>>> print(open('start07.cif').read())   # mmCIF, C-alpha atoms
data_model
loop_
_atom_site.label_atom_id
_atom_site.label_comp_id
_atom_site.auth_asym_id
_atom_site.auth_seq_id
_atom_site.Cartn_x
_atom_site.Cartn_y
_atom_site.Cartn_z
CA MET A 434 -19.96 -22.17 25.99
CA LYS A 435 -16.43 -21.77 24.67
CA ALA A 436 -15.70 -18.25 23.46
CA LEU A 437 -12.68 -17.27 21.40
CA ILE A 438 -11.79 -13.57 21.22
CA LEU A 439 -9.53 -12.48 18.37
CA ASN A 440 -8.25 -9.09 19.50
CA GLY A 441 -7.17 -7.13 16.43
CA ALA A 442 -5.91 -4.01 18.27
CA LYS A 443 -2.99 -2.37 16.49
CA THR A 444 -1.46 -0.88 19.66
CA GLU A 445 -1.43 -1.29 23.46
CA GLU A 446 -3.42 1.94 23.78
CA SER A 447 -6.23 0.98 21.42
CA VAL A 448 -9.83 1.13 22.65
CA VAL A 449 -10.09 -2.36 21.18
CA ASN A 450 -8.15 -3.61 24.24
CA THR A 451 -10.66 -1.99 26.62
CA LEU A 452 -13.45 -3.61 24.63
CA SER A 453 -11.66 -6.97 24.77
CA SER A 454 -11.33 -6.81 28.58
CA CYS A 455 -14.99 -5.77 29.01
CA LEU A 456 -16.11 -8.57 26.73
CA ALA A 457 -14.02 -11.24 28.49
CA LYS A 458 -15.30 -10.07 31.89
CA PHE A 459 -18.91 -10.05 30.66
CA LEU A 460 -18.66 -13.57 29.28
CA MET A 461 -16.90 -14.97 32.35
CA GLU A 462 -19.60 -13.49 34.58
CA LYS A 463 -22.06 -15.54 32.51
CA ASN A 464 -19.91 -18.64 33.12
CA HIS A 465 -18.59 -18.95 29.58
CA GLU A 466 -15.05 -20.22 29.03
CA VAL A 467 -13.02 -17.42 27.40
CA ASN A 468 -9.82 -17.67 25.39
CA THR A 469 -8.29 -14.43 24.06
CA THR A 470 -5.69 -14.20 21.30
CA ILE A 471 -3.98 -10.83 20.90
CA LEU A 472 -3.18 -11.06 17.23
CA ARG A 473 -0.41 -8.44 17.03
CA LYS A 474 1.61 -10.49 19.56
CA GLU A 475 1.43 -13.68 17.49
CA LYS A 476 3.37 -14.80 14.45
CA ILE A 477 0.69 -14.96 11.79
CA LEU A 478 1.87 -14.83 8.20
CA ASP A 479 -0.24 -13.85 5.21
CA CYS A 480 -2.29 -16.45 3.36
CA THR A 481 -0.40 -17.01 0.10
CA GLY A 482 -3.35 -18.44 -1.81
CA CYS A 483 -1.44 -21.71 -2.38
CA HIS A 484 -4.61 -23.76 -1.74
CA ASN A 485 -2.56 -26.57 -0.16
CA CYS A 486 -5.32 -26.73 2.49
CA TRP A 487 -7.65 -27.82 -0.31
CA LYS A 488 -5.32 -29.91 -2.44
CA LYS A 489 -2.41 -31.37 -0.46
CA THR A 490 -3.47 -31.52 3.20
CA PRO A 491 -7.27 -31.05 3.07
CA GLY A 492 -8.47 -28.84 5.91
CA GLU A 493 -4.98 -28.06 7.21
CA CYS A 494 -2.83 -25.04 6.38
CA THR A 495 0.80 -25.88 5.59
CA ILE A 496 2.32 -22.54 6.67
CA ASN A 497 4.45 -23.10 9.76
CA ASP A 498 3.15 -20.46 12.17
CA MET A 499 0.44 -19.74 14.73
CA GLY A 500 -1.99 -18.90 11.93
CA SER A 501 -2.21 -22.61 11.09
CA GLU A 502 -3.62 -23.24 14.58
CA LEU A 503 -6.42 -20.71 14.14
CA PRO A 504 -8.85 -22.93 12.19
CA LYS A 505 -8.68 -25.53 15.01
CA LYS A 506 -9.17 -22.90 17.73
CA VAL A 507 -12.12 -21.38 15.89
CA ILE A 508 -13.92 -24.59 14.91
CA GLN A 509 -13.64 -25.92 18.47
CA SER A 510 -15.29 -22.78 19.89
CA ASP A 511 -18.98 -22.01 20.20
CA ILE A 512 -18.61 -18.23 19.77
CA LEU A 513 -16.03 -16.38 17.72
CA LEU A 514 -15.62 -12.74 18.73
CA LEU A 515 -13.80 -10.46 16.30
CA LEU A 516 -12.50 -7.14 17.64
CA THR A 517 -10.95 -4.54 15.38
CA PRO A 518 -10.55 -0.89 14.59
CA VAL A 519 -12.72 -0.16 11.55
CA THR A 520 -10.32 0.69 8.71
CA PHE A 521 -11.93 2.02 5.54
CA GLY A 522 -15.13 0.24 6.59
CA MET A 523 -13.45 -3.10 7.15
CA TYR A 524 -11.27 -5.07 9.54
CA ALA A 525 -7.79 -3.65 10.12
CA SER A 526 -4.89 -5.72 8.77
CA GLU A 527 -4.12 -7.56 12.06
CA LEU A 528 -7.56 -9.15 12.19
CA LYS A 529 -7.88 -9.60 8.42
CA ARG A 530 -4.59 -11.54 8.36
CA ALA A 531 -6.16 -14.06 10.78
CA ILE A 532 -9.47 -14.24 8.88
CA ASP A 533 -7.66 -14.82 5.58
CA ARG A 534 -6.21 -17.99 7.14
CA LEU A 535 -9.67 -19.41 7.98
CA SER A 536 -11.60 -19.35 4.75
CA CYS A 537 -10.00 -22.15 2.72
CA PRO A 538 -9.45 -24.67 5.56
CA PHE A 539 -13.15 -24.21 6.45
CA THR A 540 -14.40 -25.05 2.98
CA LEU A 541 -14.09 -27.62 0.20
CA PRO A 542 -12.72 -26.87 -3.28
CA PHE A 543 -16.22 -27.17 -4.74
CA PHE A 544 -18.91 -24.66 -5.46
CA LYS A 545 -22.59 -24.64 -4.53
CA ARG A 546 -25.41 -22.15 -5.11
CA VAL A 547 -26.82 -20.16 -2.22
CA ASN A 548 -29.60 -17.63 -2.93
CA GLY A 549 -28.49 -17.29 -6.54
CA GLU A 550 -24.81 -16.83 -5.64
CA THR A 551 -21.89 -19.23 -5.80
CA HIS A 552 -20.07 -20.17 -2.60
CA ASN A 553 -17.66 -22.89 -1.52
CA VAL A 554 -19.15 -25.98 0.08
CA GLN A 555 -18.63 -26.12 3.85
CA ARG A 556 -16.14 -28.62 5.27
CA TYR A 557 -17.66 -28.94 8.75
CA LYS A 558 -21.23 -29.53 9.83
CA ARG A 559 -21.05 -26.99 12.61
CA TYR A 560 -19.32 -23.61 12.91
CA PRO A 561 -19.28 -21.13 15.80
CA ALA A 562 -21.52 -18.06 15.91
CA MET A 563 -19.57 -14.99 14.84
CA VAL A 564 -19.88 -11.65 16.63
CA ALA A 565 -17.84 -8.77 15.20
CA PHE A 566 -17.20 -5.52 17.07
CA GLY A 567 -15.69 -2.63 15.13
CA VAL A 568 -14.28 0.45 16.84
CA LEU A 569 -14.62 3.88 15.22
CA PRO A 570 -13.47 7.27 16.58
CA SER A 571 -16.96 8.72 15.94
CA PRO A 572 -20.17 7.88 14.02
CA ASP A 573 -19.57 7.39 10.28
CA GLU A 574 -22.58 6.10 8.38
CA GLU A 575 -20.70 4.89 5.30
CA SER A 576 -18.00 3.01 7.26
CA GLU A 577 -20.60 1.46 9.55
CA HIS A 578 -22.73 0.31 6.62
CA THR A 579 -19.71 -1.23 4.84
CA PHE A 580 -18.60 -2.97 8.05
CA ALA A 581 -22.07 -4.46 8.63
CA THR A 582 -22.24 -5.58 4.98
CA LEU A 583 -18.81 -7.20 5.20
CA VAL A 584 -19.74 -9.17 8.32
CA ALA A 585 -22.99 -10.30 6.69
CA ARG A 586 -21.04 -11.43 3.59
CA ASN A 587 -18.52 -13.28 5.78
CA CYS A 588 -21.39 -15.15 7.37
CA LEU A 589 -22.17 -16.66 3.92
CA ASN A 590 -18.59 -17.51 3.00
CA LEU A 591 -17.41 -18.71 6.43
CA HIS A 592 -20.67 -20.59 7.05
CA MET A 593 -21.32 -18.89 10.37
CA THR A 594 -24.25 -16.93 11.75
CA ALA A 595 -23.02 -13.40 12.27
CA VAL A 596 -23.91 -10.26 14.19
CA SER A 597 -21.96 -6.99 14.19
CA ALA A 598 -21.84 -3.83 16.28
CA ILE A 599 -19.92 -0.57 16.34
CA VAL A 600 -18.31 0.87 19.46
CA TYR A 601 -17.11 4.50 19.48
CA SER A 602 -13.83 5.48 21.11
CA SER A 603 -15.75 8.02 23.21
CA ASP A 604 -18.20 5.43 24.58
CA LYS A 605 -18.24 5.25 28.37
CA PRO A 606 -17.73 1.81 30.01
CA GLU A 607 -21.48 1.52 30.73
CA ALA A 608 -22.30 2.17 27.07
CA ILE A 609 -19.74 -0.43 25.96
CA ARG A 610 -21.22 -2.97 28.38
CA GLU A 611 -24.72 -2.23 27.10
CA LYS A 612 -23.59 -2.72 23.48
CA ILE A 613 -21.86 -5.99 24.42
CA SER A 614 -24.99 -7.22 26.19
CA SER A 615 -27.41 -6.36 23.38
CA THR A 616 -25.12 -7.65 20.62
CA LEU A 617 -24.46 -10.97 22.33
CA SER A 618 -28.16 -11.30 23.01
CA LYS A 619 -28.85 -10.87 19.26
CA ALA A 620 -26.31 -13.65 18.64
CA GLY A 621 -28.14 -15.91 21.07
CA VAL A 622 -25.36 -15.75 23.68
CA ASN A 623 -26.87 -15.24 27.13
CA MET B 1470 -7.64 17.51 -20.47
CA GLN B 1471 -4.24 16.86 -18.89
CA LYS B 1472 -2.68 13.40 -18.94
CA PRO B 1473 -1.58 11.73 -15.70
CA THR B 1474 2.13 12.46 -15.19
CA LEU B 1475 2.76 9.02 -13.76
CA ALA B 1476 0.44 6.04 -13.33
CA THR B 1477 1.47 3.42 -10.77
CA LEU B 1478 0.07 -0.08 -10.50
CA LEU B 1479 0.07 -1.63 -7.04
CA VAL B 1480 -0.33 -5.41 -7.29
CA GLY B 1481 -1.92 -6.73 -4.09
CA SER B 1482 -1.83 -10.45 -4.78
CA PRO B 1483 0.68 -12.48 -2.71
CA LYS B 1484 1.38 -14.38 -5.94
CA GLY B 1485 3.01 -11.22 -7.31
CA PRO B 1486 4.08 -11.44 -10.98
CA ASN B 1487 2.31 -14.81 -11.43
CA SER B 1488 -1.05 -13.50 -10.32
CA THR B 1489 -4.25 -12.78 -12.22
CA SER B 1490 -4.23 -9.34 -10.54
CA ASN B 1491 -0.88 -8.60 -12.16
CA CYS B 1492 -2.12 -9.75 -15.58
CA LEU B 1493 -5.22 -7.54 -15.41
CA GLY B 1494 -3.28 -4.53 -14.09
CA THR B 1495 -0.46 -4.94 -16.61
CA TYR B 1496 -2.90 -5.02 -19.53
CA LEU B 1497 -4.32 -1.71 -18.29
CA LEU B 1498 -0.82 -0.23 -17.88
CA GLU B 1499 0.15 -1.25 -21.42
CA ARG B 1500 -2.91 0.54 -22.80
CA LEU B 1501 -2.08 3.62 -20.71
CA GLN B 1502 1.44 3.54 -22.20
CA LYS B 1503 -0.10 3.49 -25.71
CA ASN B 1504 -1.93 6.66 -24.64
CA GLY B 1505 1.41 8.26 -23.78
CA VAL B 1506 1.24 7.80 -20.01
CA VAL B 1507 4.44 6.90 -18.13
CA THR B 1508 3.83 3.92 -15.83
CA GLU B 1509 5.43 2.13 -12.87
CA LYS B 1510 4.56 -1.02 -10.97
CA ALA B 1511 5.07 -2.24 -7.39
CA TYR B 1512 4.23 -5.61 -5.84
CA ILE B 1513 2.77 -5.02 -2.39
CA SER B 1514 4.19 -8.23 -0.88
CA ARG B 1515 7.70 -7.09 -1.84
CA SER B 1516 7.00 -3.49 -0.82
CA LEU B 1517 6.07 -4.59 2.71
CA SER B 1518 9.11 -6.84 3.13
CA SER B 1519 11.46 -4.16 4.54
CA ASP B 1520 11.47 -0.56 5.74
CA LYS B 1521 13.46 0.40 2.65
CA ASN B 1522 10.86 -1.11 0.32
CA ARG B 1523 8.00 0.48 2.27
CA ALA B 1524 9.61 3.90 1.89
CA GLU B 1525 10.16 3.23 -1.81
CA MET B 1526 6.48 2.38 -2.30
CA LEU B 1527 5.39 5.53 -0.47
CA ARG B 1528 7.74 7.67 -2.58
CA LEU B 1529 6.30 6.09 -5.71
CA VAL B 1530 2.75 6.87 -4.56
CA ASP B 1531 3.81 10.46 -3.77
CA ARG B 1532 5.17 10.91 -7.30
CA SER B 1533 2.12 9.39 -9.05
CA SER B 1534 -0.95 11.25 -10.22
CA LEU B 1535 -2.85 8.02 -10.90
CA ILE B 1536 -2.69 4.97 -8.63
CA ILE B 1537 -4.27 1.70 -9.72
CA LEU B 1538 -4.70 -1.12 -7.25
CA ALA B 1539 -5.15 -4.64 -8.66
CA CYS B 1540 -5.85 -7.33 -6.10
CA PRO B 1541 -7.73 -10.56 -5.45
CA LEU B 1542 -10.84 -10.90 -3.31
CA TYR B 1543 -10.00 -12.54 0.01
CA VAL B 1544 -12.97 -13.41 2.24
CA ASP B 1545 -15.25 -10.71 0.82
CA SER B 1546 -12.69 -7.91 0.92
CA LEU B 1547 -9.05 -7.07 0.30
CA ASN B 1548 -6.30 -9.41 1.45
CA ALA B 1549 -4.42 -8.42 4.62
CA GLN B 1550 -1.25 -7.30 2.83
CA THR B 1551 -3.23 -4.92 0.63
CA ILE B 1552 -5.01 -3.47 3.66
CA GLU B 1553 -1.66 -3.02 5.38
CA ALA B 1554 -0.36 -1.13 2.35
CA LEU B 1555 -3.45 1.10 2.29
CA GLU B 1556 -3.06 1.72 6.06
CA LEU B 1557 0.57 2.74 5.43
CA ILE B 1558 -0.40 5.10 2.62
CA ALA B 1559 -3.14 6.63 4.78
CA GLU B 1560 -0.69 7.21 7.67
CA HIS B 1561 1.86 8.68 5.29
CA ARG B 1562 -0.70 11.04 3.72
CA LYS B 1563 -1.38 12.53 7.17
CA THR B 1564 2.23 13.73 7.35
CA ARG B 1565 2.34 15.18 3.81
CA THR B 1566 0.37 18.23 2.80
CA ASP B 1567 2.53 19.15 -0.16
CA ILE B 1568 1.38 16.33 -2.45
CA GLY B 1569 -0.96 17.29 -5.28
CA GLY B 1570 -4.26 15.67 -6.29
CA LYS B 1571 -4.21 12.00 -7.18
CA SER B 1572 -6.72 9.65 -8.74
CA PHE B 1573 -7.31 6.11 -7.50
CA ALA B 1574 -8.80 3.21 -9.48
CA VAL B 1575 -9.13 -0.46 -8.57
CA ILE B 1576 -9.39 -3.83 -10.31
CA ILE B 1577 -10.60 -6.69 -8.14
CA ASN B 1578 -10.98 -10.31 -9.21
CA SER B 1579 -12.43 -13.30 -7.43
CA GLY B 1580 -12.84 -17.01 -8.09
CA PHE B 1581 -16.62 -16.81 -7.76
CA PRO B 1582 -18.36 -16.29 -11.09
CA GLU B 1583 -20.49 -13.37 -9.86
CA ALA B 1584 -18.53 -10.12 -10.15
CA LYS B 1585 -20.91 -8.52 -7.66
CA GLN B 1586 -19.26 -10.54 -4.88
CA ASN B 1587 -16.45 -7.94 -5.14
CA ASN B 1588 -18.78 -5.04 -4.29
CA THR B 1589 -17.82 -4.80 -0.61
CA ALA B 1590 -14.14 -4.68 -1.54
CA ILE B 1591 -14.88 -1.89 -4.02
CA SER B 1592 -16.73 0.03 -1.27
CA VAL B 1593 -13.69 -0.39 1.00
CA CYS B 1594 -11.42 1.08 -1.71
CA HIS B 1595 -13.86 3.95 -2.24
CA LEU B 1596 -13.76 4.71 1.50
CA PHE B 1597 -9.95 4.58 1.44
CA ALA B 1598 -9.86 7.08 -1.44
CA LYS B 1599 -12.23 9.39 0.41
CA GLN B 1600 -10.20 9.18 3.62
CA VAL B 1601 -6.85 9.94 2.00
CA ASP B 1602 -8.30 12.57 -0.34
CA PHE B 1603 -7.65 10.70 -3.59
CA ASN B 1604 -10.10 11.29 -6.45
CA TRP B 1605 -12.15 8.12 -6.90
CA ALA B 1606 -11.72 7.01 -10.52
CA GLY B 1607 -13.84 3.86 -10.20
CA GLY B 1608 -13.59 0.13 -9.69
CA LEU B 1609 -13.60 -2.81 -12.09
CA ALA B 1610 -14.82 -6.11 -10.67
CA MET B 1611 -14.25 -9.46 -12.31
CA GLY B 1612 -15.68 -12.85 -11.39
CA ALA B 1613 -14.28 -16.26 -12.41
CA GLY B 1614 -10.67 -15.05 -12.18
CA ALA B 1615 -9.51 -18.64 -12.74
CA ILE B 1616 -10.31 -18.09 -16.43
CA ILE B 1617 -7.14 -15.98 -16.55
CA ASP B 1618 -5.17 -17.94 -13.95
CA GLY B 1619 -2.01 -15.83 -14.13
CA GLN B 1620 -1.68 -15.80 -17.95
CA PRO B 1621 -0.96 -12.56 -19.79
CA LEU B 1622 -4.26 -11.35 -21.24
CA ALA B 1623 -2.80 -10.92 -24.71
CA GLU B 1624 -2.22 -14.70 -24.83
CA ILE B 1625 -5.80 -15.53 -23.89
CA GLY B 1626 -8.39 -15.74 -26.61
CA VAL B 1627 -12.12 -15.20 -26.55
CA ARG B 1628 -12.63 -16.24 -22.96
CA ALA B 1629 -11.04 -12.97 -21.77
CA ARG B 1630 -12.38 -10.75 -24.55
CA ASN B 1631 -14.78 -8.82 -22.28
CA GLN B 1632 -12.07 -8.10 -19.72
CA LYS B 1633 -9.58 -6.96 -22.39
CA ARG B 1634 -12.12 -4.58 -23.93
CA ALA B 1635 -13.14 -3.31 -20.47
CA LEU B 1636 -9.53 -2.56 -19.54
CA GLU B 1637 -8.93 -0.79 -22.88
CA ILE B 1638 -11.97 1.45 -22.37
CA ALA B 1639 -10.94 2.11 -18.75
CA ALA B 1640 -7.35 2.96 -19.73
CA ASP B 1641 -8.48 5.34 -22.49
CA ALA B 1642 -10.65 7.21 -19.96
CA LEU B 1643 -8.02 7.22 -17.20
CA ALA B 1644 -5.44 8.58 -19.65
CA LEU B 1645 -7.69 11.63 -20.01
CA GLU B 1646 -8.09 11.87 -16.22
CA GLU B 1647 -11.69 10.75 -16.55
CA PRO B 1648 -13.35 8.13 -14.33
CA ILE B 1649 -13.79 4.56 -15.58
CA PRO B 1650 -16.92 4.51 -17.79
CA GLU B 1651 -19.92 2.40 -16.79
CA LYS B 1652 -19.55 0.45 -20.06
CA ALA B 1653 -16.14 -0.82 -18.89
CA ILE B 1654 -17.53 -1.80 -15.47
CA VAL B 1655 -20.34 -3.81 -17.11
CA LEU B 1656 -18.01 -5.51 -19.60
CA MET B 1657 -15.51 -6.42 -16.89
CA SER B 1658 -18.22 -8.28 -15.00
CA LYS B 1659 -19.28 -10.39 -18.01
CA LEU B 1660 -18.05 -13.98 -18.13
CA GLY B 1661 -16.27 -15.11 -21.29
CA ILE B 1662 -17.65 -18.64 -20.92
CA PRO B 1663 -21.07 -19.87 -19.73
CA LYS B 1664 -21.40 -19.88 -15.95
CA TRP B 1665 -22.47 -23.54 -15.86
CA LEU B 1666 -19.32 -24.50 -17.76
CA TYR B 1667 -17.08 -22.51 -15.41
CA LEU B 1668 -18.66 -24.21 -12.38
CA LEU B 1669 -18.39 -27.64 -13.99
CA ILE B 1670 -14.69 -27.14 -14.78
CA ALA B 1671 -13.98 -25.70 -11.31
CA ASN B 1672 -15.69 -28.59 -9.51
CA GLN B 1673 -14.04 -31.23 -11.71
CA SER B 1674 -10.61 -29.66 -11.29
CA GLY B 1675 -10.90 -29.93 -7.47
CA LYS B 1676 -11.45 -33.69 -7.80
CA HIS B 1677 -8.82 -34.07 -10.52
CA GLU B 1678 -6.14 -32.28 -8.44
CA ALA B 1679 -6.97 -34.43 -5.42
CA LYS B 1680 -6.61 -37.60 -7.49
CA LYS B 1681 -3.30 -36.40 -8.93
CA LEU B 1682 -1.94 -35.71 -5.44
CA GLY B 1683 -3.30 -38.97 -4.01
CA VAL B 1684 -5.62 -37.32 -1.47
CA THR B 1685 -9.01 -38.27 -2.92
CA ASN B 1686 -9.94 -40.18 0.23
CA LYS B 1687 -8.89 -37.23 2.41
CA LEU B 1688 -10.64 -34.50 0.44
CA TYR B 1689 -13.59 -34.24 2.85
CA ASP B 1690 -11.51 -34.61 6.04
CA GLN B 1691 -12.50 -32.61 9.09
CA PRO B 1692 -9.16 -32.54 10.95
CA TYR B 1693 -10.34 -30.24 13.72
CA LYS B 1694 -13.81 -31.63 14.30
CA PRO B 1695 -14.40 -31.53 18.07
CA LYS B 1696 -14.21 -35.03 19.52
CA LYS B 1697 -17.34 -36.28 21.25
CA LYS B 1698 -16.95 -36.50 25.02
CA ALA B 1699 -16.93 -40.12 26.28
CA ASN B 1700 -19.89 -41.05 28.50
CA SER B 1701 -18.82 -41.14 32.10
#
>>> encode(input="start07.cif", output="C-alpha cells")
Amino acid sequence: MKALILNGAKTEESVVNTLSSCLAKFLMEKNHEVNTTILRKEKILDCTGCHNCWKKTPGECTINDMGSELPKKVIQSDILLLLTPVTFGMYASELKRAIDRLSCPFTLPFFKRVNGETHNVQRYKRYPAMVAFGVLPSPDEESEHTFATLVARNCLNLHMTAVSAIVYSSDKPEAIREKISSTLSKAGVN
Amino acid sequence: MQKPTLATLLVGSPKGPNSTSNCLGTYLLERLQKNGVVTEKAYISRSLSSDKNRAEMLRLVDRSSLIILACPLYVDSLNAQTIEALELIAEHRKTRTDIGGKSFAVIINSGFPEAKQNNTAISVCHLFAKQVDFNWAGGLAMGAGAIIDGQPLAEIGVRARNQKRALEIAADALALEEPIPEKAIVLMSKLGIPKWLYLLIANQSGKHEAKKLGVTNKLYDQPYKPKKKANS
C-alpha cells in the first residue's frame, strides 16, 4: 500500500518528528511504500476560499505552490497519515493549512444529505483511509475528545474512513510503537 | 456592571473586508458602539503578513477587555490563518502576566445549512479561551452563510432577520460583560429561508457558474484519479 505521511511538527525538536520516524519505520517493515512530507519545510499558502477548484478548473487548485500538489498526492495514496501537535483540541496551523487545501478539490459544488446533514458531493469514487495522530504533553480529556470529534467530522466531509489516536510527549518508544500498531490495525492497515 | 473598555473584532476570513465573517462581526460591533463601547477591528490575514502587523495585533489584544473572533468554518474547524493567530496569542499570553481579565466570544459561519456543523469549531475556541485564561463569553454559529455572501447585514432584508436580532441580543449582553444569551444562540442558528430553497439555489448556482465559465463538461472531472496499470 502507498502511505503518505503529512508531518505537521512545528519545530525540529517536536515529538511529532519522533512519531513520524517510528511510523515510517513501522510501515516500511510491513512492506508499505512510504512518502513523508514535512509541512513546515514546504511552501503551502492558505486556502483563500476562491472556489476556483470548483468553478474555473474543477478539481484543481489554482494557487501556485506545493499545496496545489497535495490533492494529487493524497488521492493517489491508500493511507493518509496526519501527524500534529494538538492545539486547542485540533490540528496545529501547519497541518490545518494543508487540510484546508484538500476539501474543495475533493468535492463537487453540490450538496447531498448524509444522516440528516448536508455535505458536498464527493468528486472521486475512492479516497484513502485517514489515520490522525495528535500529540499532547499530557492527558487532557477535553482536548482529546475534541480532537477525536474533529477527525470523525473530517471523515464525513473529506469522504474518508478515519481513525485517530493521541500520543503523549512522555510516551516511551515502545508505547508509541504499540499505539501505532493498534491504531493502524483499527484502520485496517496490517 | 462595568462596560468593556475596548472590544476588538478579529476577522479570520481570508476574504477580509468582503467576507460574511466581517459583515456579521461588524454588525455586532456597531451594536456595541450604540451601547457606548469603544471598538477596534483587525483582519487576521493582514495581521499575519509581517512581524510589525503581528505585534500590532498582539498589542490590540492586550489593550482589549473583550475580543470577538468572527471566522468561517473550514473543514469542520477554524481556517489555518485563524489557528495561527490563536497560537500567536497563546504564546504571547505566556510571556505577559500583567494583562487583566478578558472575555472572548466567537461568531462562526459555514456554507452548510445546519448551524450545528460549527460545533467542533466552537469547542476549539472554548478550549483556546480556557488555555489562555480568557473568560468564555459564548459562541454564535450560523449555517447557510451564503445567504449573506459578504453583504452588510443592514442591507439584507428578512432573510437575515434572525441573525441581526441574534447579534443585537448578543451585543447588548456583551456590553454588560454578560455571556451571550441562549436566545441569541438559537436565533443565530435559524435559517431565514426554507432549507430546501437554500439547497436548491446552492445546487443550481454551481451549475449556473460552470455554464457561465464554460466548464460544464469539466465539472465532474477527476484530474488526479490514479491511472489503471496496463496489463503486462
>>> residues_around(input="start07.cif", residues="segment 532-536 of chain A", least_positions_apart="6", cutoff="10 Å", atoms="all atoms listed in the file", output="PDB file with C-alpha atoms, in the frame of the given file")
ATOM      1  CA  LEU A 439      -9.530 -12.480  18.370  1.00  0.00           C
ATOM      2  CA  ILE A 477       0.690 -14.960  11.790  1.00  0.00           C
ATOM      3  CA  LEU A 478       1.870 -14.830   8.200  1.00  0.00           C
ATOM      4  CA  ASP A 479      -0.240 -13.850   5.210  1.00  0.00           C
ATOM      5  CA  CYS A 480      -2.290 -16.450   3.360  1.00  0.00           C
ATOM      6  CA  THR A 481      -0.400 -17.010   0.100  1.00  0.00           C
ATOM      7  CA  GLY A 482      -3.350 -18.440  -1.810  1.00  0.00           C
ATOM      8  CA  CYS A 486      -5.320 -26.730   2.490  1.00  0.00           C
ATOM      9  CA  GLY A 492      -8.470 -28.840   5.910  1.00  0.00           C
ATOM     10  CA  GLU A 493      -4.980 -28.060   7.210  1.00  0.00           C
ATOM     11  CA  CYS A 494      -2.830 -25.040   6.380  1.00  0.00           C
ATOM     12  CA  ILE A 496       2.320 -22.540   6.670  1.00  0.00           C
ATOM     13  CA  GLY A 500      -1.990 -18.900  11.930  1.00  0.00           C
ATOM     14  CA  SER A 501      -2.210 -22.610  11.090  1.00  0.00           C
ATOM     15  CA  GLU A 502      -3.620 -23.240  14.580  1.00  0.00           C
ATOM     16  CA  LEU A 503      -6.420 -20.710  14.140  1.00  0.00           C
ATOM     17  CA  PRO A 504      -8.850 -22.930  12.190  1.00  0.00           C
ATOM     18  CA  LYS A 505      -8.680 -25.530  15.010  1.00  0.00           C
ATOM     19  CA  VAL A 507     -12.120 -21.380  15.890  1.00  0.00           C
ATOM     20  CA  ILE A 508     -13.920 -24.590  14.910  1.00  0.00           C
ATOM     21  CA  LEU A 515     -13.800 -10.460  16.300  1.00  0.00           C
ATOM     22  CA  TYR A 524     -11.270  -5.070   9.540  1.00  0.00           C
ATOM     23  CA  SER A 526      -4.890  -5.720   8.770  1.00  0.00           C
ATOM     24  CA  ASN A 553     -17.660 -22.890  -1.520  1.00  0.00           C
ATOM     25  CA  GLN A 555     -18.630 -26.120   3.850  1.00  0.00           C
ATOM     26  CA  ASN A 587     -18.520 -13.280   5.780  1.00  0.00           C
ATOM     27  CA  ASN A 590     -18.590 -17.510   3.000  1.00  0.00           C
ATOM     28  CA  LEU A 591     -17.410 -18.710   6.430  1.00  0.00           C
ATOM     29  CA  HIS A 592     -20.670 -20.590   7.050  1.00  0.00           C
TER      30      HIS A 592
ATOM     31  CA  TYR B1543     -10.000 -12.540   0.010  1.00  0.00           C
ATOM     32  CA  VAL B1544     -12.970 -13.410   2.240  1.00  0.00           C
ATOM     33  CA  ASP B1545     -15.250 -10.710   0.820  1.00  0.00           C
ATOM     34  CA  SER B1546     -12.690  -7.910   0.920  1.00  0.00           C
ATOM     35  CA  LEU B1547      -9.050  -7.070   0.300  1.00  0.00           C
ATOM     36  CA  ASN B1548      -6.300  -9.410   1.450  1.00  0.00           C
ATOM     37  CA  ALA B1549      -4.420  -8.420   4.620  1.00  0.00           C
TER      38      ALA B1549
END
>>> closest_residue(input="start07.cif", among="A:Ser614, A:Ser510, A:Ser454, A:Ser602", to="Ser571 of chain A", atoms="only C-alpha atoms")
A:Ser602
>>> interface_residues(input="start07.cif", of="chain A", to="chain B", cutoff="6 Å", atoms="only C-alpha atoms", output="VMD selection string")
chain A and resid 481 488 491 505 509 521 to 522 526 529 to 530 542 to 543
>>> closest_residue(input="start07.cif", among="A:Asn548, A:Asn497, A:Thr616, A:Asn468", to="Asp511 of chain A", atoms="all atoms listed in the file")
A:Asn468
>>> resolve_selection(input="start07.cif", expression="the PyMOL selection byres ((chain A and resi 470) around 9)", output="list in words")
Leu437, Ile438, Leu439, Asn440, Gly441, Asn468, Thr469, Ile471, Leu472, Arg473, Lys474 and Glu475 of chain A
>>> resolve_selection(input="start07.cif", expression="the PyMOL selection byres ((chain B and resi 1499) around 12)", output="PyMOL selection string")
chain B and resi 1476-1478+1491-1498+1500-1510+1621-1623+1633+1636-1637+1639-1641+1644
>>> atom_distance(input="start07.cif", atom1="atom CA of Met1611 of chain B", atom2="atom CA of Ala581 of chain A")
22.9 Å
>>> atom_distance(input="start07.cif", atom1="atom CA of Lys612 of chain A", atom2="atom CA of Thr444 of chain A")
22.5 Å
>>> build_atoms(input="start07.cif", residues="segment 1477-1483 of chain B", atoms="N, CA and C atoms", output="CSV table (one decimal), in the frame of the given file")
chain,number,residue,atom,x,y,z
B,1477,THR,N,0.8,4.5,-11.5
B,1477,THR,CA,1.5,3.4,-10.8
B,1477,THR,C,0.5,2.3,-10.5
B,1478,LEU,N,0.9,1.1,-10.8
B,1478,LEU,CA,0.1,-0.1,-10.5
B,1478,LEU,C,0.6,-0.7,-9.2
B,1479,LEU,N,-0.3,-0.9,-8.2
B,1479,LEU,CA,0.1,-1.6,-7.0
B,1479,LEU,C,-0.6,-3.0,-7.2
B,1480,VAL,N,0.2,-4.0,-7.2
B,1480,VAL,CA,-0.3,-5.4,-7.3
B,1480,VAL,C,-0.5,-6.0,-5.9
B,1481,GLY,N,-1.7,-6.3,-5.5
B,1481,GLY,CA,-1.9,-6.7,-4.1
B,1481,GLY,C,-1.9,-8.2,-3.9
B,1482,SER,N,-1.8,-9.0,-5.0
B,1482,SER,CA,-1.8,-10.4,-4.8
B,1482,SER,C,-0.5,-11.0,-4.2
B,1483,PRO,N,-0.6,-11.9,-3.2
B,1483,PRO,CA,0.7,-12.5,-2.7
B,1483,PRO,C,1.4,-13.3,-3.8
